[in-house]
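As structure tokens, the structure follows; a few thoughts come after it.
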There are 4 protein chains.
Amino acid sequence: MGTGRLEAFSDGVIAIIITIMVLELKAPQGSGFDALLPILPVFLSYVLSFMYIGIYWNNHHHMLHAAEHVSGAGLWANLHLLFWLSLIPFVTAWMDENHSVAAPAALYGVVLLMAALAYFILGRILIRDNGPESELAKAFGKDIKGRISIVCYAVGIALSLWHAWLALTIYVSVAIMWVIPDRRIEK
Amino acid sequence: MGTGRLEAFSDGVIAIIITIMVLELKAPQGSGFDALLPILPVFLSYVLSFMYIGIYWNNHHHMLHAAEHVSGAGLWANLHLLFWLSLIPFVTAWMDENHSVAAPAALYGVVLLMAALAYFILGRILIRDNGPESELAKAFGKDIKGRISIVCYAVGIALSLWHAWLALTIYVSVAIMWVIPDRRIEK
Amino acid sequence: MGTGRLEAFSDGVIAIIITIMVLELKAPQGSGFDALLPILPVFLSYVLSFMYIGIYWNNHHHMLHAAEHVSGAGLWANLHLLFWLSLIPFVTAWMDENHSVAAPAALYGVVLLMAALAYFILGRILIRDNGPESELAKAFGKDIKGRISIVCYAVGIALSLWHAWLALTIYVSVAIMWVIPDRRIEK
Amino acid sequence: MGTGRLEAFSDGVIAIIITIMVLELKAPQGSGFDALLPILPVFLSYVLSFMYIGIYWNNHHHMLHAAEHVSGAGLWANLHLLFWLSLIPFVTAWMDENHSVAAPAALYGVVLLMAALAYFILGRILIRDNGPESELAKAFGKDIKGRISIVCYAVGIALSLWHAWLALTIYVSVAIMWVIPDRRIEK
């Protein structure tokens with residue numbers, strides 16, 4: 001089965017996830033510039049989550065561009081990825097209300113970790129569907145960045161219990177690492 | 001008439017339905033891990049509804065992939081299906097606020113039942129549009145799974161009046177039955 | 001310029017409009033079946049607005065299927081139509097809170113009237129873009145249904161000031177008239 | 001890489017941004033026509049923001065129609081544009097609650113300015129991706145309108161601190177300038 005409608009549906013879900021997060025950015029209380037200060041952390045976590053969803057859209061775009069076929073299992077692996085991505089607005093909202101607190105920072109990391117694992121599983125299934133000699137398999141390769149990310153999220157979750165800001169620093173660093181586009185797959 | 005734009009529009013509506021449900025997952029009251037406990041039932045019903053919407057997207061994808069033409073009646077049958085699916089966030093929200101209570105569990109079943117009937121009607125119309133010798137007609141066949149589901153939802157509605165958890169168990173079981181992809185149509 | 005992306009964007013906007021209206025269907029206060037009674041009018045107005053948005057999607061689909069080209073003016077005429085459709089959730093919400101009251105029933109009619117005029121303008125521009133001998137011009141013809149609707153909405157607005165339920169009866173009747181698919185264009 | 005999925009994703013995000021703004025149009029308090037008066041400013045700012053998002057969709061449509069290829073950097077430049085557009089509902093909501101006040105009018109201008117710069121950057125990258133002899137480079141030309149807009153937004157921000165209504169007048173004027181379709185690119 002072709003990947004056209006899978007891409008269209010994923011585009012729709014990812015577009016909605018990335019956009020509904022802005023609903024958390026409530027109009028400031030007050031009409032002066034100083035009223036913007038209290039919502040700065042909310043804005044920054046919006047930027048971080050926007051980047052993460054953007055990264056997933058970007059990588060998903062590259063991966064499915066290289067794939068030609070997708071099996072029924074691939075459709076479910078894709079829905080599984082979308083499920084974890086759909087929780088990002090929820091964990092972002094919790095973090096917004098509790099800056100530098102252990103539990104929300106840990107949960108944010110758990111959702112990132114689960115999304116990364118879901119992406120990894122989707123990649124494996126798509127490689128199986130398209131064969132080890134496919135363009136996708138060559139492009140995906142060892143997926144070193146993906147493996148590094150998974151380790152970083154796990155470390156971030158552990159560190160969040162000790163000091164939440166350390167975890168956030170790790171999440172931001174991983175996002176920056178991904179913004180540099182994935183040359184392997186792009187080629 | 002081709003099925004391209006019908007698929008695109010359905011993808012859009014289903015993508016929005018599956019995503020706006022996450023708006024019901026409000027940020028927990030409190031900043032500790034224990035604050036997550038009260039929203040666990042809400043999370044579980046989100047998982048169930050996400051699965052159901054995912055199942056419908058999956059089956060809809062398979063069915064329209066096999067179809068080549070769609071009549072004006074087919075367009076309306078599709079909108080009718082989308083109407084019942086659009087009520088899933090509403091019945092999920094009611095169930096979230098009343099765990100294991102008769103009426104919300106029954107209404108959830110009613111919406112599932114109506115969506116299943118709408119899907120059945122859409123299938124019949126598409127088979128009529130594409131002819132009894134079409135790929136679709138062969139793939140759709142007797143649609144045993146669909147008929148079993150309809151019976152299960154009816155039983156679930158009846159049981160919900162007696163014990164709501166029995167109904168939920170049935171709804172979960174039907175969802176699991178569907179996650180196993182429909183080999184008939186996929187071929 | 002082709003009509004592909006115009007259709008895709010319109011599908012997206014219409015899909016969102018039709019789905020966000022369900023957010024007005026708040027979970028009932030209470031856990032029994034009797035708690036559903038107070039939201040029955042809200043549900044019925046949801047059905048009516050869902051039908052109207054569905055009708056516009058359906059007709060839009062047929063009209064653009066027959067069109068081959070669209071000019072810059074056509075893009076703006078399409079956005080103008082989407083603007084009025086986007087107000088339907090707003091006027092539905094006002095009507096939900098005030099059943100059978102003059103002003104909300106009149107405003108609902110005004111938005112329907114403006115949407116119908118916007119659709120008429122879009123049709124004229126598309127016919128101009130595609131030429132008087134085009135498939136579209138033949139299919140669109142005199143657009144008798146469209147003209148009848150415009151008159152009905154105007155009558156409905158006038159009657160709403162006298163008795164709101166008369167206006168609603170007219171709006172429902174026009175919707176039913178449209179659900180019967182437009183054979184002229186479908187051919 | 002082709003531009004198909006980039007267009008589809010952008011369409012989805014822009015469609016959602018343009019539609020969720022209507023959620024700010026809350027049902028009026030009261031059931032008479034006079035209850036509409038207090039929400040008139042909210043309605044007018046909805047019209048302005050709808051026009052701006054519509055203008056961006058229109059120009060984006062024309063620009064990507066002329067482009068054939070897009071690099072990884074182009075994907076990020078596009079997400080960067082969508083980021084600033086996604087903030088329009090937020091700044092609109094703040095302006096809704098504080099008419100003719102300096103800070104909200106200034107922030108509205110800042111978001112318009114950043115979106116215009118992001119659009120300019122996207123244009124430069126797409127021209128680089130498609131070559132100086134491409135259809136796009138000829139169509140985009142010196143982008144005089146874009147440069148004028150950027151200057152106007154900067155002037156608007158400065159004036160907003162002195163008198164907010166002057167800034168709004170400038171923003172409205174720029175929108176009207178853009179509604180006249182861009183003949184250079186359309187050809």
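Residues are named by chain letter and number: chains run A, B, ... in the order of the structure tokens, numbers start at 1 in each chain, and ligands are numbered from 1 in the order shown.
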
Quick check: residues of chain A within 8 Å of chain B, only C-alpha atoms, returned as a tab-separated table (two decimals) with N, CA, C and O atoms, in the first residue's frame.
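Once written, out_17.tsv looks like this:
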chain	number	residue	atom	x	y	z
A	5	ARG	N	-1.81	8.50	1.80
A	5	ARG	CA	-2.81	8.92	2.76
A	5	ARG	C	-2.26	8.88	4.19
A	5	ARG	O	-2.70	9.63	5.05
A	8	ALA	N	-0.78	12.20	4.61
A	8	ALA	CA	-1.81	13.24	4.73
A	8	ALA	C	-2.42	13.24	6.13
A	8	ALA	O	-2.59	14.29	6.76
A	9	PHE	N	-2.73	12.05	6.64
A	9	PHE	CA	-3.34	11.96	7.96
A	9	PHE	C	-2.35	12.42	9.04
A	9	PHE	O	-2.71	13.18	9.94
A	10	SER	N	-1.09	11.98	8.92
A	10	SER	CA	-0.08	12.39	9.90
A	10	SER	C	0.12	13.90	9.86
A	10	SER	O	0.25	14.55	10.91
A	12	GLY	N	-2.07	16.10	9.10
A	12	GLY	CA	-3.22	16.71	9.75
A	12	GLY	C	-3.08	16.66	11.26
A	12	GLY	O	-3.23	17.68	11.95
A	13	VAL	N	-2.77	15.48	11.80
A	13	VAL	CA	-2.67	15.34	13.26
A	13	VAL	C	-1.53	16.21	13.80
A	13	VAL	O	-1.70	16.94	14.78
A	16	ILE	N	-2.39	19.86	13.83
A	16	ILE	CA	-3.31	20.24	14.91
A	16	ILE	C	-2.58	20.28	16.24
A	16	ILE	O	-2.74	21.21	17.04
A	17	ILE	N	-1.72	19.28	16.50
A	17	ILE	CA	-0.99	19.25	17.77
A	17	ILE	C	-0.15	20.52	17.92
A	17	ILE	O	-0.17	21.18	18.96
A	72	GLY	N	0.01	-2.95	7.16
A	72	GLY	CA	-0.96	-2.66	8.20
A	72	GLY	C	-0.28	-2.38	9.54
A	72	GLY	O	-0.69	-1.48	10.28
A	73	ALA	N	0.78	-3.14	9.84
A	73	ALA	CA	1.52	-2.90	11.09
A	73	ALA	C	2.14	-1.50	11.09
A	73	ALA	O	2.21	-0.84	12.12
A	75	LEU	N	0.87	1.14	9.66
A	75	LEU	CA	-0.19	2.11	9.96
A	75	LEU	C	-0.38	2.24	11.47
A	75	LEU	O	-0.53	3.34	12.01
A	76	TRP	N	-0.36	1.11	12.17
A	76	TRP	CA	-0.54	1.15	13.62
A	76	TRP	C	0.67	1.74	14.32
A	76	TRP	O	0.53	2.47	15.32
A	79	LEU	N	0.23	5.40	14.09
A	79	LEU	CA	-0.76	5.89	15.05
A	79	LEU	C	-0.17	5.91	16.46
A	79	LEU	O	-0.47	6.81	17.26
A	83	PHE	N	0.06	9.07	18.86
A	83	PHE	CA	-0.50	9.07	20.21
A	83	PHE	C	0.43	9.78	21.18
A	83	PHE	O	0.01	10.67	21.94
A	86	SER	N	0.64	13.42	20.59
A	86	SER	CA	-0.57	14.14	20.99
A	86	SER	C	-0.56	14.47	22.48
A	86	SER	O	-1.33	15.32	22.94
A	87	LEU	N	0.29	13.80	23.25
A	87	LEU	CA	0.37	14.09	24.69
A	87	LEU	C	1.29	15.26	24.99
A	87	LEU	O	1.34	15.74	26.13
A	89	PRO	N	1.12	18.50	24.11
A	89	PRO	CA	0.43	19.67	24.66
A	89	PRO	C	0.05	19.50	26.13
A	89	PRO	O	0.13	20.44	26.92
A	90	PHE	N	-0.36	18.29	26.51
A	90	PHE	CA	-0.76	18.02	27.89
A	90	PHE	C	0.43	18.18	28.85
A	90	PHE	O	0.34	18.90	29.86
A	91	VAL	N	1.56	17.55	28.54
A	91	VAL	CA	2.71	17.65	29.46
A	91	VAL	C	3.31	19.06	29.43
A	91	VAL	O	3.85	19.53	30.44
A	93	ALA	N	1.49	21.78	29.16
A	93	ALA	CA	0.60	22.57	30.01
A	93	ALA	C	0.92	22.34	31.49
A	93	ALA	O	0.87	23.27	32.30
A	94	TRP	N	1.24	21.10	31.85
A	94	TRP	CA	1.56	20.83	33.25
A	94	TRP	C	2.86	21.54	33.65
A	94	TRP	O	2.95	22.13	34.72
A	98	ASN	N	4.09	24.60	36.56
A	98	ASN	CA	5.04	24.24	37.61
A	98	ASN	C	6.45	24.27	37.03
A	98	ASN	O	6.97	23.26	36.57
A	101	VAL	N	9.94	21.96	38.49
A	101	VAL	CA	9.49	21.00	39.50
A	101	VAL	C	9.73	19.61	38.92
A	101	VAL	O	9.64	19.40	37.71
A	102	ALA	N	10.07	18.67	39.81
A	102	ALA	CA	10.50	17.34	39.37
A	102	ALA	C	9.48	16.62	38.48
A	102	ALA	O	9.79	16.26	37.34
A	103	ALA	N	8.27	16.41	39.00
A	103	ALA	CA	7.33	15.52	38.32
A	103	ALA	C	6.98	15.99	36.90
A	103	ALA	O	7.06	15.19	35.95
A	104	PRO	N	6.60	17.26	36.69
A	104	PRO	CA	6.27	17.67	35.32
A	104	PRO	C	7.46	17.54	34.37
A	104	PRO	O	7.30	17.12	33.22

* Asked: Got a sec: who's within 12 Å of range 138-143 of chain A, counting only C-alpha atoms, leaving out chain neighbours fewer than 2 positions off, as a VMD selection string?
  -> chain A and resid 59 to 60 62 to 67 116 119 to 127 130 to 136 145 to 150 182 to 187

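Look at Ile157 in chain B: the protein and nucleic acid residues within 8 Å of it, using only C-alpha atoms and passing over chain neighbours fewer than 5 places away, are Ala105, Ala106, Leu107, Gly109, Val110 and Ala167 of chain B.
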
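CA of Ser100 in chain C lies 4.9 Å from CA of Ala164 in chain C.
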
* From range 4-179 of chain C, collect each residue whose DSSP state is helix (DSSP H, G or I) and return the set as a PyMOL selection string. => chain C and resi 4-24+33-66+72-86+88-97+102-130+135-140+144-160+164-179

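Computed from the coordinates, the CA of Leu82 in chain D to CA of Gly2 in chain A distance equals 28.2 Å.
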